[in-house]
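Notes follow once the structure below has been shown.
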Amino acid sequence: MHSDDIAAWPGKSFASDREHPALWHMLDVAACASALMRHRGFTGQADQDGAVILLIALHDLGKFSDSFRSALRDGAIQTFYHWQHSYRLLGLLDNALANRLGGSPAVRKMLAGAVSGHHGGPPQGQDARADRKQDRLIGEDGFAAAREALNAVLSLPVMASLKDMTEAQARRLSWRLSGLTIQSDWIGSNPEWFGPAPPGIAIADYWRMAQDRADVAISAAGLEQARPRPDAGERILPKGWAPRPMQEVAATVDLPSGPMLALVEDATGAGKTEAALILAARMMASGKAGGLFFALPTMATSNAMLPRLDAAMGGLFDGRPALGLTHGRARQNARFREIRGRRGRGAEGQAACGDWLADDRRRILLAEVGVGTIDQALMGILPTRFSTLRLEALSRRVLIVDEAHGYDPYMEAELSRLLQFQAMLGGSAIVMTATLPLGMRDRLAMAFQKGLGVEPRSIDDRAYPSFGIVAGTTVSRPVAPAPDTCRRLPVKRIGGMDEALDALCAAQAEGAACIWIRNAVDDAIDAVEALRERGVEADLLHARFAVCDRLRHEDRQVTRFGRDGADRAGRILVATQVAEQSLDLDFDFMVSDLAPIGALIQRAGRLWRHMDIRPAKTRPVAGPELLVLSPDPDHVHGPRWLQDALKAGAWVYPADVQWRTALALFGAGAIEAPDGLRDLIEAVHGAAAPAAPEPLQKHEQETIGQTIRERQQARMSMVEAAEPFAQSQLARVWDDEHFPTRLGRRQITLRLARSDGDNLRPWGDDWTESEVQVSKARYDKTCGVAQDDQRIVAAKQAWPRWMRDAIVVAPVEDDGRIIEGLRYCAERGLIFSTD
């Protein structure tokens with residue numbers, strides 16, 4: 001029982017000036033946690049699950065304080081927040097917790113920190129003087145009410161015990177408990193589902209009411225509406241399709257018990273995505289996860305994956321699964337808008353995504369299936385607000401990471417830590433790659449083993465293609481290559497731009513679909529202009545377009561050069577790395593700037609790609625060949641060896657890596673797939689790779705130093721998996737916008753605008769469609785767009801302050817001019833006319 005006095009302490013205030021008691025809100029949130037756990041379990045032990053429910057109910061115990069009541073009712077400024085009071089009170093009232101739950105003081109302290117830190121970061125310890133000040137702010141009445149509220153919560157008819165929980169188990173549990181508390185609090189704080197209730201209700205009666213409300217709320221939120229099909233792995237490939245070798249392995253390999261990491265290494269076009277889906281479906285059916293999350297390198301790859309997943313959802317799940325697109329441009333994606341529109345109207349088994357999930361970049365990870373950039377997952381291991389919600393969501397999904405070979409040392413360290421957390425929290429993962437160096441493969445595998453708590457061991461296997469499983473033990477097996485990925489692609493070096501232009505024009509005249517992949521945007525624009533001077537039109541695709549224009553250009557290129565492309569004969573596309581892995585394009589003829597070996601192998605995968613639709617006899621050239629614009633690796637006369645052949649593109653990748661790539665590639669004379677791929681990759685990135693020649697030694701030392709710095713910077717930035725949630729690294733948490741998941745050159749966001757009388761309107765349909773990112777260093781060399789222009793001030797007025805400060809509104813004149821030295825063209829992109 002409880003007195004009416006404690007039920008009168010306020011917890012929430014609604015627009016109607018009606019209050020919702022703190023005790024009722026605490027039970028609302030606990031009921032949400034109980035409903036979620038009823039669907040999916042949590043600790044695996046019923047009595048520990050019960051302890052979790054009671055602890056989550058106490059997450060807002062600090063609302064029983066004079067300072068919070070004054071803040072809610074009178075707008076008083078808080079020196080200590082209510083969640084800090086919760087942690088203090090749980091410590092002061094620990095004897096009552098011990099009597100009800102048992103367990104050691106250290107276990108209870110770690111879990112109290114996890115539930116108290118539900119506003120983004122954990123509470124921190126403080127000195128005795130601060131404790132006394134905090135106690136005065138709680139007040140005698142608050143403390144007495146908190147004690148009564150705690151006893152009321154602990155009287156709930158819930159079987160609960162921490163008796164057998166070790167400190168190591170509590171450390172691991174604290175991360176997931178924090179995430180579950182945040183999720184439950186967000187649902188339980190929604191006034192549409194948990195409106196104000198009067199205080200004069202018996203606690204047992206309100207607990208039953210809250211549980212009924214929680215079931216409705218979880219359904220309305222679009223959660224837990226689907227279950228993995230036991231036969232889903234058999235439903236990925238279309239009926240009648242014979243599985244490819246990697247897909248056959250994924251469908252038949254024995255799965256270990258508990259968390260596992262699968263390493264899928266195979267050539268571009270070998271069907272790795274379908275193999276990963278088959279394997280993920282089997283992992284879900286075996287109880288390892290309730291869904292999956294596809295983590296991809298770019299927004300474009302995420303957009304391309306979305307329709308494939310949408311089409312597969314009916315075979316993966318019974319019920320109405322939620323499918324979320326999780327990157328920052330999701331609202332501009334037409335397919336995702338369609339998926340959102342199905343809410344409540346879709347057929348059984350068809351994916352949908354409700355507003356509650358879709359309107360927040362963190363909540364959307366709670367969907368049964370998510371697809372987005374790797375950044376959304378990496379935020380979980382950085383000291384960002386609500387990072388544990390991400391970790392908890394991912395731990396219940398099969399995390400599928402694609403194109404892992406493309407990560408720099410900073411992102412590789414982040415991915416390693418993410419895999420460590422995934423294993424530690426009971427989750428599983430699949431890493432797909434075409435060109436992963438052996439050293440990086442070992443580091444990822446050992447990070448997962450570290451999370452499992454087993455002795456990390458490297459993988460003793462050089463086979464390619466290969467399929468590996470990392471669990472309590474590590475096994476790897478060779479896989480037969482898919483026949484249509486086996487080929488010998490001749491490689492020819494060309495030394496200058498004129499040779500590249502001659503080759504492209506000759507192939508174009510024969511009716512070939514051609515591409516030149518350049519390393520830098522400026523070089524790509526220059527190439528299009530040079531072709532135009534020769535009387536040859538070319539399309540252009542790069543990342544320095546406004547979002548609306550880039551999407552338009554991408555759609556045009558996929559329509560022309562994609563699997564079912566039309567009007568491709570005699571067409572030339574000049575593109576940057578966006579064509580390397582983001583889009584499914586197929587060309588007859590290719591020129592590429594020199595790039596690291598992994599990137600070149602990926603680029604070469606866009607040559608003669610869909611042979612079932614366009615067999616060799618229909619191609620206008622005799623055979624596939626890769627022409628690489630590069631200086632001679634056997635004649636390195638100075639440190640500007642690369643700049644003599646490439647312009648801006650010489651600065652994109654480390655010169656020593658470029659030299660080793662040129663030496664290995666031109667020495668081999670061809671890319672032999674699959675037999676020669678491992679040797680090519682290791683010749684550039686392996687432990688026995690040759691040292692750079694003397695003129696490039698400084699570049700090599702800079703690369704080594706940069707690798708060390710990036711890994712160290714990542715280690716300093718990431719949270720520690722070996723410590724509980726309440727750790728010093730999370731003493732200050734950051735919003736997502738202010739903490740980088742990637743290094744590289746700093747970017748600044750411009751929002752392009754058009755004049756509309758005395759006002760400005762977005763370049764695209766809205767401001768987000770009008771965004772373009774540009775190097776901050778280059779932008780800073782211009783005079784900059786003055787943001788005190790009254791039209792710009794008016795346009796920014798409704799934006800959040802951080803957005804007004806961080807984003808530059810850039811009006812574009814009719815002739816494309818923005819400011820001196822900077823202009824924009826919808827067909828060429830953002831152009832720096834001077835440096």
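Starting from 1 in every chain, residues are counted up; chains themselves are A, B, ... following the order of the structure tokens, and ligands are numbered from 1 as listed.
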Please identify every residue of range 90-199 of chain A that has at least one atom no farther than 12 Å from an atom of range 209-215 of chain A, counting only C-alpha atoms, and for each give the shortest atom pair and the distance in Å to one decimal, arranged by chain then increasing number, as a tab-separated table.
residue	atom	partner	partner_atom	distance
A:Ser184	CA	A:Ala214	CA	9.4
A:Asp185	CA	A:Ala214	CA	11.2
A:Trp186	CA	A:Ala214	CA	11.8
A:Ile187	CA	A:Ala214	CA	8.2
A:Gly188	CA	A:Ala214	CA	7.6
A:Ser189	CA	A:Ala214	CA	11.0
A:Asn190	CA	A:Ala214	CA	10.8
A:Pro191	CA	A:Arg213	CA	11.3
A:Glu192	CA	A:Arg213	CA	10.4
A:Trp193	CA	A:Arg213	CA	6.7
A:Phe194	CA	A:Arg213	CA	7.0
A:Gly195	CA	A:Arg213	CA	9.9
A:Pro196	CA	A:Ala210	CA	11.7
A:Ala197	CA	A:Met209	CA	10.3
Taking N, CA, C and O atoms for each residue, export the selection above as a PDB file, in the first residue's frame.
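Wrote part-v7.pdb, looks like this:
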ATOM      1  N   SER A 184      12.027   2.277 -22.652  1.00  0.00           N
ATOM      2  CA  SER A 184      10.791   2.192 -21.871  1.00  0.00           C
ATOM      3  C   SER A 184      10.343   3.575 -21.416  1.00  0.00           C
ATOM      4  O   SER A 184       9.133   3.876 -21.399  1.00  0.00           O
ATOM      5  N   ASP A 185      11.294   4.435 -21.041  1.00  0.00           N
ATOM      6  CA  ASP A 185      10.951   5.786 -20.589  1.00  0.00           C
ATOM      7  C   ASP A 185      10.374   6.606 -21.736  1.00  0.00           C
ATOM      8  O   ASP A 185       9.430   7.386 -21.539  1.00  0.00           O
ATOM      9  N   TRP A 186      10.931   6.449 -22.928  1.00  0.00           N
ATOM     10  CA  TRP A 186      10.407   7.198 -24.071  1.00  0.00           C
ATOM     11  C   TRP A 186       8.985   6.766 -24.409  1.00  0.00           C
ATOM     12  O   TRP A 186       8.143   7.593 -24.750  1.00  0.00           O
ATOM     13  N   ILE A 187       8.697   5.481 -24.313  1.00  0.00           N
ATOM     14  CA  ILE A 187       7.333   5.018 -24.576  1.00  0.00           C
ATOM     15  C   ILE A 187       6.410   5.461 -23.442  1.00  0.00           C
ATOM     16  O   ILE A 187       5.317   5.987 -23.664  1.00  0.00           O
ATOM     17  N   GLY A 188       6.868   5.257 -22.215  1.00  0.00           N
ATOM     18  CA  GLY A 188       6.042   5.561 -21.058  1.00  0.00           C
ATOM     19  C   GLY A 188       5.837   7.043 -20.825  1.00  0.00           C
ATOM     20  O   GLY A 188       4.997   7.424 -19.989  1.00  0.00           O
ATOM     21  N   SER A 189       6.574   7.896 -21.516  1.00  0.00           N
ATOM     22  CA  SER A 189       6.414   9.350 -21.376  1.00  0.00           C
ATOM     23  C   SER A 189       5.510   9.944 -22.442  1.00  0.00           C
ATOM     24  O   SER A 189       5.274  11.155 -22.431  1.00  0.00           O
ATOM     25  N   ASN A 190       5.022   9.118 -23.347  1.00  0.00           N
ATOM     26  CA  ASN A 190       4.189   9.624 -24.429  1.00  0.00           C
ATOM     27  C   ASN A 190       2.771   9.865 -23.913  1.00  0.00           C
ATOM     28  O   ASN A 190       2.075   8.917 -23.514  1.00  0.00           O
ATOM     29  N   PRO A 191       2.303  11.121 -23.915  1.00  0.00           N
ATOM     30  CA  PRO A 191       0.985  11.408 -23.334  1.00  0.00           C
ATOM     31  C   PRO A 191      -0.171  10.799 -24.118  1.00  0.00           C
ATOM     32  O   PRO A 191      -1.276  10.655 -23.582  1.00  0.00           O
ATOM     33  N   GLU A 192       0.061  10.424 -25.390  1.00  0.00           N
ATOM     34  CA  GLU A 192      -1.015   9.778 -26.141  1.00  0.00           C
ATOM     35  C   GLU A 192      -1.323   8.396 -25.580  1.00  0.00           C
ATOM     36  O   GLU A 192      -2.453   7.903 -25.693  1.00  0.00           O
ATOM     37  N   TRP A 193      -0.326   7.769 -24.993  1.00  0.00           N
ATOM     38  CA  TRP A 193      -0.484   6.414 -24.482  1.00  0.00           C
ATOM     39  C   TRP A 193      -0.599   6.376 -22.959  1.00  0.00           C
ATOM     40  O   TRP A 193      -1.177   5.445 -22.411  1.00  0.00           O
ATOM     41  N   PHE A 194      -0.018   7.361 -22.296  1.00  0.00           N
ATOM     42  CA  PHE A 194      -0.032   7.395 -20.839  1.00  0.00           C
ATOM     43  C   PHE A 194      -0.419   8.803 -20.376  1.00  0.00           C
ATOM     44  O   PHE A 194       0.423   9.596 -19.954  1.00  0.00           O
ATOM     45  N   GLY A 195      -1.682   9.101 -20.538  1.00  0.00           N
ATOM     46  CA  GLY A 195      -2.178  10.402 -20.122  1.00  0.00           C
ATOM     47  C   GLY A 195      -2.268  10.514 -18.614  1.00  0.00           C
ATOM     48  O   GLY A 195      -2.057   9.537 -17.877  1.00  0.00           O
ATOM     49  N   PRO A 196      -2.591  11.696 -18.114  1.00  0.00           N
ATOM     50  CA  PRO A 196      -2.614  11.911 -16.666  1.00  0.00           C
ATOM     51  C   PRO A 196      -3.666  11.055 -15.977  1.00  0.00           C
ATOM     52  O   PRO A 196      -4.769  10.866 -16.488  1.00  0.00           O
ATOM     53  N   ALA A 197      -3.296  10.517 -14.809  1.00  0.00           N
ATOM     54  CA  ALA A 197      -4.212   9.711 -14.003  1.00  0.00           C
ATOM     55  C   ALA A 197      -4.280  10.310 -12.606  1.00  0.00           C
ATOM     56  O   ALA A 197      -3.294  10.881 -12.123  1.00  0.00           O
TER      57      ALA A 197
END
Report task. Extract, using only C-alpha atoms, all DNA, RNA and protein residues at most 10 Å from Ala575 in chain A, discarding same-chain residues fewer than 6 positions from it, and format them as a PyMOL selection string. Result -> chain A and resi 515-521+523-525+527-528+539-543+592
**Report entry** All alpha helix (DSSP H) residues (DSSP, backbone) inside range 186-425 of chain A, as a PyMOL selection string
**Finding:** chain A and resi 186-188+203-220+245-252+272-285+299-316+334-341+355-358+374-378+387-395+409-424
Could you give me, as JSON lines, every range 380-434 of chain A residue with an atom at most 12 Å from range 358-361 of chain A, plus its closest atom pair and distance in Å to one decimal, counting only C-alpha atoms, rows ordered by chain then number?
{"residue": "A:Arg385", "atom": "CA", "partner": "A:Arg361", "partner_atom": "CA", "distance": 11.9}
{"residue": "A:Phe386", "atom": "CA", "partner": "A:Arg361", "partner_atom": "CA", "distance": 10.9}
{"residue": "A:Ser387", "atom": "CA", "partner": "A:Arg361", "partner_atom": "CA", "distance": 11.4}
{"residue": "A:Leu389", "atom": "CA", "partner": "A:Arg361", "partner_atom": "CA", "distance": 11.0}
{"residue": "A:Arg390", "atom": "CA", "partner": "A:Arg361", "partner_atom": "CA", "distance": 9.8}
Query raised in the report: With only C-alpha atoms as the atoms that count, which of A:Asp375, A:Asp766, A:Glu392, A:Asp266 lies nearest to Arg363 in chain A?
Result: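 Among A:Asp375, A:Asp766, A:Glu392, A:Asp266, it is A:Glu392 that comes nearest to Arg363 in chain A.
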Find the spatial neighbours of Arg331 in chain A, counting only C-alpha atoms, within a cut-off of 10 Å - ignore same-chain residues fewer than 2 positions away - and output them as a tab-separated table (two decimals) with C-alpha atoms, in the first residue's frame.
chain	number	residue	atom	x	y	z
A	325	LEU	CA	16.00	3.65	-43.18
A	326	THR	CA	18.33	5.23	-40.66
A	327	HIS	CA	20.53	7.79	-42.35
A	328	GLY	CA	20.13	11.57	-42.29
A	329	ARG	CA	18.45	11.79	-45.70
A	333	ASN	CA	13.91	8.58	-50.05
A	334	ALA	CA	10.73	7.86	-52.05
A	335	ARG	CA	10.70	4.14	-51.15
A	336	PHE	CA	10.95	4.90	-47.45
A	337	ARG	CA	8.15	7.43	-47.70
A	340	ARG	CA	5.98	4.89	-43.85
A	358	ALA	CA	10.77	6.98	-38.07
A	359	ASP	CA	10.87	10.42	-36.49
A	768	THR	CA	17.50	19.24	-46.45
A	769	GLU	CA	17.19	18.49	-50.18
Sorted per-residue table, range 589-678 of chain A near range 270-285 of chain A, closest atoms and distance, 12 Å, only C-alpha atoms, as a Markdown table:
| residue | atom | partner | partner_atom | distance |
| --- | --- | --- | --- | --- |
| A:Gly605 | CA | A:Ala270 | CA | 10.6 |
| A:Arg609 | CA | A:Ala270 | CA | 10.9 |
| A:His610 | CA | A:Ala270 | CA | 11.6 |
| A:Ala673 | CA | A:Ala270 | CA | 11.2 |
| A:Pro674 | CA | A:Ala270 | CA | 10.5 |
For the residues in that selection, give me N, CA, C and O atoms as an mmCIF file, in the first residue's frame.
data_model
loop_
_atom_site.group_PDB
_atom_site.id
_atom_site.type_symbol
_atom_site.label_atom_id
_atom_site.label_comp_id
_atom_site.auth_asym_id
_atom_site.auth_seq_id
_atom_site.Cartn_x
_atom_site.Cartn_y
_atom_site.Cartn_z
ATOM 1 N N GLY A 605 34.927 -4.190 -60.664
ATOM 2 C CA GLY A 605 33.691 -4.964 -60.579
ATOM 3 C C GLY A 605 32.535 -4.345 -61.338
ATOM 4 O O GLY A 605 31.494 -4.987 -61.515
ATOM 5 N N ARG A 609 29.506 -6.469 -65.976
ATOM 6 C CA ARG A 609 28.950 -6.935 -64.711
ATOM 7 C C ARG A 609 27.795 -7.917 -64.892
ATOM 8 O O ARG A 609 27.780 -8.972 -64.281
ATOM 9 N N HIS A 610 26.825 -7.586 -65.730
ATOM 10 C CA HIS A 610 25.615 -8.412 -65.846
ATOM 11 C C HIS A 610 25.677 -9.199 -67.150
ATOM 12 O O HIS A 610 25.014 -8.880 -68.131
ATOM 13 N N ALA A 673 40.711 -13.063 -60.741
ATOM 14 C CA ALA A 673 39.680 -13.310 -59.738
ATOM 15 C C ALA A 673 39.175 -14.747 -59.880
ATOM 16 O O ALA A 673 38.885 -15.181 -60.995
ATOM 17 N N PRO A 674 39.104 -15.472 -58.747
ATOM 18 C CA PRO A 674 39.443 -15.009 -57.406
ATOM 19 C C PRO A 674 40.854 -15.341 -56.945
ATOM 20 O O PRO A 674 41.298 -14.849 -55.922
#
Requested in this report: Compile the contact shell of Glu710 in chain A as a PyMOL selection string: residues with an atom at most 8 Å away, counting only C-alpha atoms, same-chain residues fewer than 4 positions apart removed.
Outcome: chain A and resi 409-410+706+714
Requested in this report: Do a neighbour search on Leu425 in chain A at 10 Å with only C-alpha atoms, toss out local chain neighbours closer than 4 positions, and write the hits as number ranges by chain.
Outcome: A: 172-176, 259, 391-392, 394-396, 419-421, 451-452, 721
File of the preceding selection, all heavy atoms, as a short mmCIF file (atom, residue, chain, number, x, y, z; two decimals), in the first residue's frame:
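Written output follows (selection_3.cif):
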data_model
loop_
_atom_site.label_atom_id
_atom_site.label_comp_id
_atom_site.auth_asym_id
_atom_site.auth_seq_id
_atom_site.Cartn_x
_atom_site.Cartn_y
_atom_site.Cartn_z
N ARG A 172 28.21 -6.14 -17.70
CA ARG A 172 27.64 -6.32 -19.04
C ARG A 172 26.18 -5.90 -19.07
O ARG A 172 25.73 -5.24 -20.01
CB ARG A 172 27.78 -7.79 -19.46
CG ARG A 172 29.21 -8.24 -19.70
CD ARG A 172 29.24 -9.59 -20.42
NE ARG A 172 28.67 -10.65 -19.61
CZ ARG A 172 29.35 -11.40 -18.75
NH1 ARG A 172 30.65 -11.16 -18.56
NH2 ARG A 172 28.76 -12.37 -18.07
N LEU A 173 25.44 -6.29 -18.04
CA LEU A 173 24.02 -5.98 -18.02
C LEU A 173 23.76 -4.49 -17.95
O LEU A 173 22.76 -3.99 -18.48
CB LEU A 173 23.35 -6.68 -16.84
CG LEU A 173 21.83 -6.48 -16.69
CD1 LEU A 173 21.11 -7.05 -17.91
CD2 LEU A 173 21.34 -7.14 -15.41
N SER A 174 24.65 -3.72 -17.31
CA SER A 174 24.41 -2.28 -17.13
C SER A 174 24.22 -1.57 -18.46
O SER A 174 23.45 -0.61 -18.54
CB SER A 174 25.56 -1.65 -16.33
OG SER A 174 26.78 -1.63 -17.08
N TRP A 175 24.91 -2.02 -19.52
CA TRP A 175 24.78 -1.37 -20.82
C TRP A 175 23.40 -1.61 -21.41
O TRP A 175 22.73 -0.68 -21.86
CB TRP A 175 25.86 -1.90 -21.77
CG TRP A 175 27.23 -1.52 -21.35
CD1 TRP A 175 28.10 -2.26 -20.60
CD2 TRP A 175 27.90 -0.29 -21.63
NE1 TRP A 175 29.26 -1.57 -20.41
CE2 TRP A 175 29.17 -0.36 -21.02
CE3 TRP A 175 27.54 0.85 -22.33
CZ2 TRP A 175 30.08 0.67 -21.11
CZ3 TRP A 175 28.46 1.89 -22.42
CH2 TRP A 175 29.71 1.79 -21.81
N ARG A 176 22.96 -2.87 -21.40
CA ARG A 176 21.65 -3.18 -21.96
C ARG A 176 20.54 -2.61 -21.09
O ARG A 176 19.50 -2.16 -21.59
CB ARG A 176 21.48 -4.69 -22.10
CG ARG A 176 22.42 -5.32 -23.14
CD ARG A 176 22.03 -6.76 -23.42
NE ARG A 176 20.67 -6.83 -23.95
CZ ARG A 176 19.83 -7.82 -23.69
NH1 ARG A 176 20.19 -8.83 -22.92
NH2 ARG A 176 18.62 -7.82 -24.21
N PRO A 259 26.36 -16.22 -29.19
CA PRO A 259 26.73 -15.19 -30.18
C PRO A 259 27.78 -15.70 -31.15
O PRO A 259 28.64 -16.51 -30.80
CB PRO A 259 27.30 -14.05 -29.31
CG PRO A 259 26.77 -14.31 -27.94
CD PRO A 259 26.63 -15.78 -27.81
N LEU A 391 23.13 0.49 -28.62
CA LEU A 391 23.78 -0.78 -28.30
C LEU A 391 22.75 -1.86 -27.96
O LEU A 391 22.88 -3.01 -28.40
CB LEU A 391 24.76 -0.60 -27.15
CG LEU A 391 26.02 0.22 -27.44
CD1 LEU A 391 26.83 0.41 -26.16
CD2 LEU A 391 26.88 -0.45 -28.51
N GLU A 392 21.75 -1.50 -27.17
CA GLU A 392 20.72 -2.47 -26.81
C GLU A 392 19.95 -2.91 -28.04
O GLU A 392 19.67 -4.10 -28.22
CB GLU A 392 19.79 -1.84 -25.76
CG GLU A 392 18.41 -2.45 -25.65
CD GLU A 392 18.37 -3.89 -25.19
OE1 GLU A 392 19.44 -4.46 -24.89
OE2 GLU A 392 17.28 -4.47 -25.16
N LEU A 394 20.96 -2.92 -31.21
CA LEU A 394 21.82 -3.73 -32.08
C LEU A 394 22.08 -5.11 -31.49
O LEU A 394 22.23 -6.09 -32.23
CB LEU A 394 23.14 -3.01 -32.33
CG LEU A 394 23.06 -1.76 -33.21
CD1 LEU A 394 24.40 -1.02 -33.20
CD2 LEU A 394 22.66 -2.11 -34.63
N SER A 395 22.16 -5.21 -30.16
CA SER A 395 22.44 -6.51 -29.54
C SER A 395 21.32 -7.51 -29.81
O SER A 395 21.53 -8.72 -29.70
CB SER A 395 22.65 -6.35 -28.03
OG SER A 395 21.42 -6.08 -27.36
N ARG A 396 20.14 -7.03 -30.16
CA ARG A 396 19.01 -7.91 -30.47
C ARG A 396 18.82 -8.08 -31.98
O ARG A 396 17.80 -8.58 -32.43
CB ARG A 396 17.73 -7.35 -29.83
CG ARG A 396 17.78 -7.37 -28.32
CD ARG A 396 16.49 -6.91 -27.69
NE ARG A 396 16.34 -5.45 -27.74
CZ ARG A 396 15.51 -4.81 -28.57
NH1 ARG A 396 14.81 -5.49 -29.45
NH2 ARG A 396 15.41 -3.50 -28.55
N LEU A 419 32.11 -4.48 -32.53
CA LEU A 419 31.99 -5.94 -32.53
C LEU A 419 32.26 -6.51 -31.14
O LEU A 419 31.63 -7.50 -30.75
CB LEU A 419 32.95 -6.54 -33.56
CG LEU A 419 32.60 -6.27 -35.03
CD1 LEU A 419 33.70 -6.80 -35.94
CD2 LEU A 419 31.26 -6.89 -35.40
N GLN A 420 33.17 -5.89 -30.40
CA GLN A 420 33.42 -6.34 -29.03
C GLN A 420 32.16 -6.16 -28.18
O GLN A 420 31.75 -7.06 -27.44
CB GLN A 420 34.58 -5.55 -28.42
CG GLN A 420 34.91 -5.97 -26.99
CD GLN A 420 36.02 -5.12 -26.38
OE1 GLN A 420 36.65 -4.31 -27.06
NE2 GLN A 420 36.25 -5.30 -25.08
N PHE A 421 31.52 -4.98 -28.29
CA PHE A 421 30.29 -4.75 -27.56
C PHE A 421 29.20 -5.71 -28.00
O PHE A 421 28.43 -6.25 -27.18
CB PHE A 421 29.82 -3.31 -27.77
CG PHE A 421 30.22 -2.37 -26.67
CD1 PHE A 421 31.28 -1.49 -26.84
CD2 PHE A 421 29.55 -2.36 -25.46
CE1 PHE A 421 31.66 -0.63 -25.84
CE2 PHE A 421 29.92 -1.50 -24.44
CZ PHE A 421 30.97 -0.62 -24.63
N GLY A 451 35.12 -9.70 -26.74
CA GLY A 451 33.79 -9.46 -26.20
C GLY A 451 33.15 -10.72 -25.63
O GLY A 451 32.38 -10.66 -24.67
N LEU A 452 33.47 -11.86 -26.22
CA LEU A 452 32.96 -13.14 -25.72
C LEU A 452 33.65 -13.57 -24.44
O LEU A 452 33.15 -14.45 -23.72
CB LEU A 452 33.13 -14.23 -26.77
CG LEU A 452 32.27 -14.14 -28.03
CD1 LEU A 452 32.67 -15.23 -29.02
CD2 LEU A 452 30.80 -14.24 -27.70
N ALA A 721 34.46 -1.05 -23.14
CA ALA A 721 33.58 -2.21 -22.98
C ALA A 721 33.88 -2.96 -21.69
O ALA A 721 33.00 -3.65 -21.15
CB ALA A 721 33.73 -3.14 -24.18
#
